[in-house]
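Q: Shown below is the structure under consideration.
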Amino acid sequence: MPKWEYLTAPLLIHNTQAILNNFGSEGWELVQVIEGPTGGPVAYFKREAE
């Protein structure tokens, strides 16, 4: 059974695409984006642990 690692990261509205592309190039899969506690979007990522 695969093991996963997780990452959360705030998304800057003016730079969202670059942030998502950067994490994607490192093997992170976007799982969900929700509103964070301060009102901005927060992205949740996962990737298979090595």
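For the structure tokens, the naming scheme is as follows: chains receive sequential letters (A, B, ...) according to their order of presentation, residues are indexed from 1 within each chain, and ligands are indexed from 1 in presentation order.
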If we count only C-alpha atoms, what is near Pro2 (chain A) at a cut-off of 12 Å, once residues fewer than 6 positions away on the same chain are taken out, given as a PyMOL selection string?

A: chain A and resi 46-50

Q: Which neighbours of Pro41 (chain A) fall inside 12 Å, counting only C-alpha atoms, when residues of the same chain fewer than 5 positions from it are skipped, and could you give them as a count of residues only?

A: 14

Q: Would you give me, as a ChimeraX atom specification, the residues in chain A that DSSP reads as alpha helix (DSSP H)?

A: /A:16-25

Q: Can you write just those residues out, C-alpha atoms, as a PDB file, in the first residue's frame?

A:
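What follows is the written file result-v9.pdb:
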ATOM      1  CA  THR A  16      -1.467  31.330  -8.147  1.00  0.00           C
ATOM      2  CA  GLN A  17      -0.524  29.654 -11.425  1.00  0.00           C
ATOM      3  CA  ALA A  18       3.209  29.913 -10.777  1.00  0.00           C
ATOM      4  CA  ILE A  19       2.821  28.525  -7.240  1.00  0.00           C
ATOM      5  CA  LEU A  20       0.725  25.562  -8.432  1.00  0.00           C
ATOM      6  CA  ASN A  21       3.087  24.838 -11.340  1.00  0.00           C
ATOM      7  CA  ASN A  22       6.087  24.936  -8.998  1.00  0.00           C
ATOM      8  CA  PHE A  23       4.614  22.374  -6.599  1.00  0.00           C
ATOM      9  CA  GLY A  24       3.396  20.247  -9.522  1.00  0.00           C
ATOM     10  CA  SER A  25       6.898  20.120 -10.991  1.00  0.00           C
TER      11      SER A  25
END

Q: Could you pull out the strand (DSSP E) residues of chain A from DSSP and send them as a CSV table (one decimal) with N, CA and C atoms, in the first residue's frame?

A:
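selection.csv written:
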chain,number,residue,atom,x,y,z
A,4,TRP,N,1.8,8.2,1.8
A,4,TRP,CA,1.7,9.6,1.3
A,4,TRP,C,2.3,10.6,2.2
A,5,GLU,N,2.8,11.7,1.7
A,5,GLU,CA,3.1,12.9,2.5
A,5,GLU,C,2.3,14.0,2.0
A,6,TYR,N,2.1,15.0,2.9
A,6,TYR,CA,1.1,16.1,2.6
A,6,TYR,C,1.8,17.4,2.8
A,7,LEU,N,1.2,18.4,2.1
A,7,LEU,CA,1.8,19.8,2.2
A,7,LEU,C,0.6,20.7,2.1
A,8,THR,N,0.6,21.8,3.0
A,8,THR,CA,-0.3,22.9,2.8
A,8,THR,C,0.4,24.1,2.5
A,9,ALA,N,-0.1,25.0,1.7
A,9,ALA,CA,0.6,26.2,1.3
A,9,ALA,C,-0.5,27.3,1.0
A,10,PRO,N,-0.2,28.5,1.5
A,10,PRO,CA,-1.1,29.6,1.1
A,10,PRO,C,-0.9,30.0,-0.4
A,29,GLU,N,0.6,16.7,-6.0
A,29,GLU,CA,-0.7,16.7,-6.6
A,29,GLU,C,-1.7,17.6,-5.8
A,30,LEU,N,-2.3,18.5,-6.4
A,30,LEU,CA,-3.3,19.4,-5.7
A,30,LEU,C,-4.5,18.6,-5.4
A,31,VAL,N,-4.9,18.6,-4.1
A,31,VAL,CA,-6.1,17.9,-3.6
A,31,VAL,C,-7.3,18.8,-3.5
A,32,GLN,N,-7.0,20.0,-2.8
A,32,GLN,CA,-8.1,20.9,-2.5
A,32,GLN,C,-7.6,22.3,-2.3
A,33,VAL,N,-8.4,23.2,-2.5
A,33,VAL,CA,-8.2,24.6,-2.2
A,33,VAL,C,-9.4,25.1,-1.3
A,34,ILE,N,-9.1,25.6,-0.1
A,34,ILE,CA,-10.1,26.1,0.7
A,34,ILE,C,-9.7,27.5,1.3
A,35,GLU,N,-10.6,28.2,1.8
A,35,GLU,CA,-10.3,29.5,2.5
A,35,GLU,C,-9.6,29.3,3.8
A,41,PRO,N,-6.8,31.9,0.1
A,41,PRO,CA,-6.9,30.5,-0.2
A,41,PRO,C,-5.7,29.7,0.3
A,42,VAL,N,-5.9,28.5,0.7
A,42,VAL,CA,-4.9,27.6,1.1
A,42,VAL,C,-5.0,26.3,0.3
A,43,ALA,N,-3.9,25.9,-0.3
A,43,ALA,CA,-3.9,24.7,-1.1
A,43,ALA,C,-3.4,23.5,-0.3
A,44,TYR,N,-4.0,22.3,-0.5
A,44,TYR,CA,-3.6,21.1,0.1
A,44,TYR,C,-3.1,20.2,-1.0
A,45,PHE,N,-1.9,19.6,-0.8
A,45,PHE,CA,-1.2,18.8,-1.8
A,45,PHE,C,-0.9,17.4,-1.2
A,46,LYS,N,-0.7,16.4,-2.0
A,46,LYS,CA,-0.1,15.1,-1.6
A,46,LYS,C,0.8,14.6,-2.7
A,47,ARG,N,1.7,13.7,-2.2
A,47,ARG,CA,2.5,13.0,-3.2
A,47,ARG,C,2.9,11.7,-2.5
A,48,GLU,N,3.3,10.7,-3.2
A,48,GLU,CA,3.7,9.4,-2.7
A,48,GLU,C,5.0,9.6,-2.0
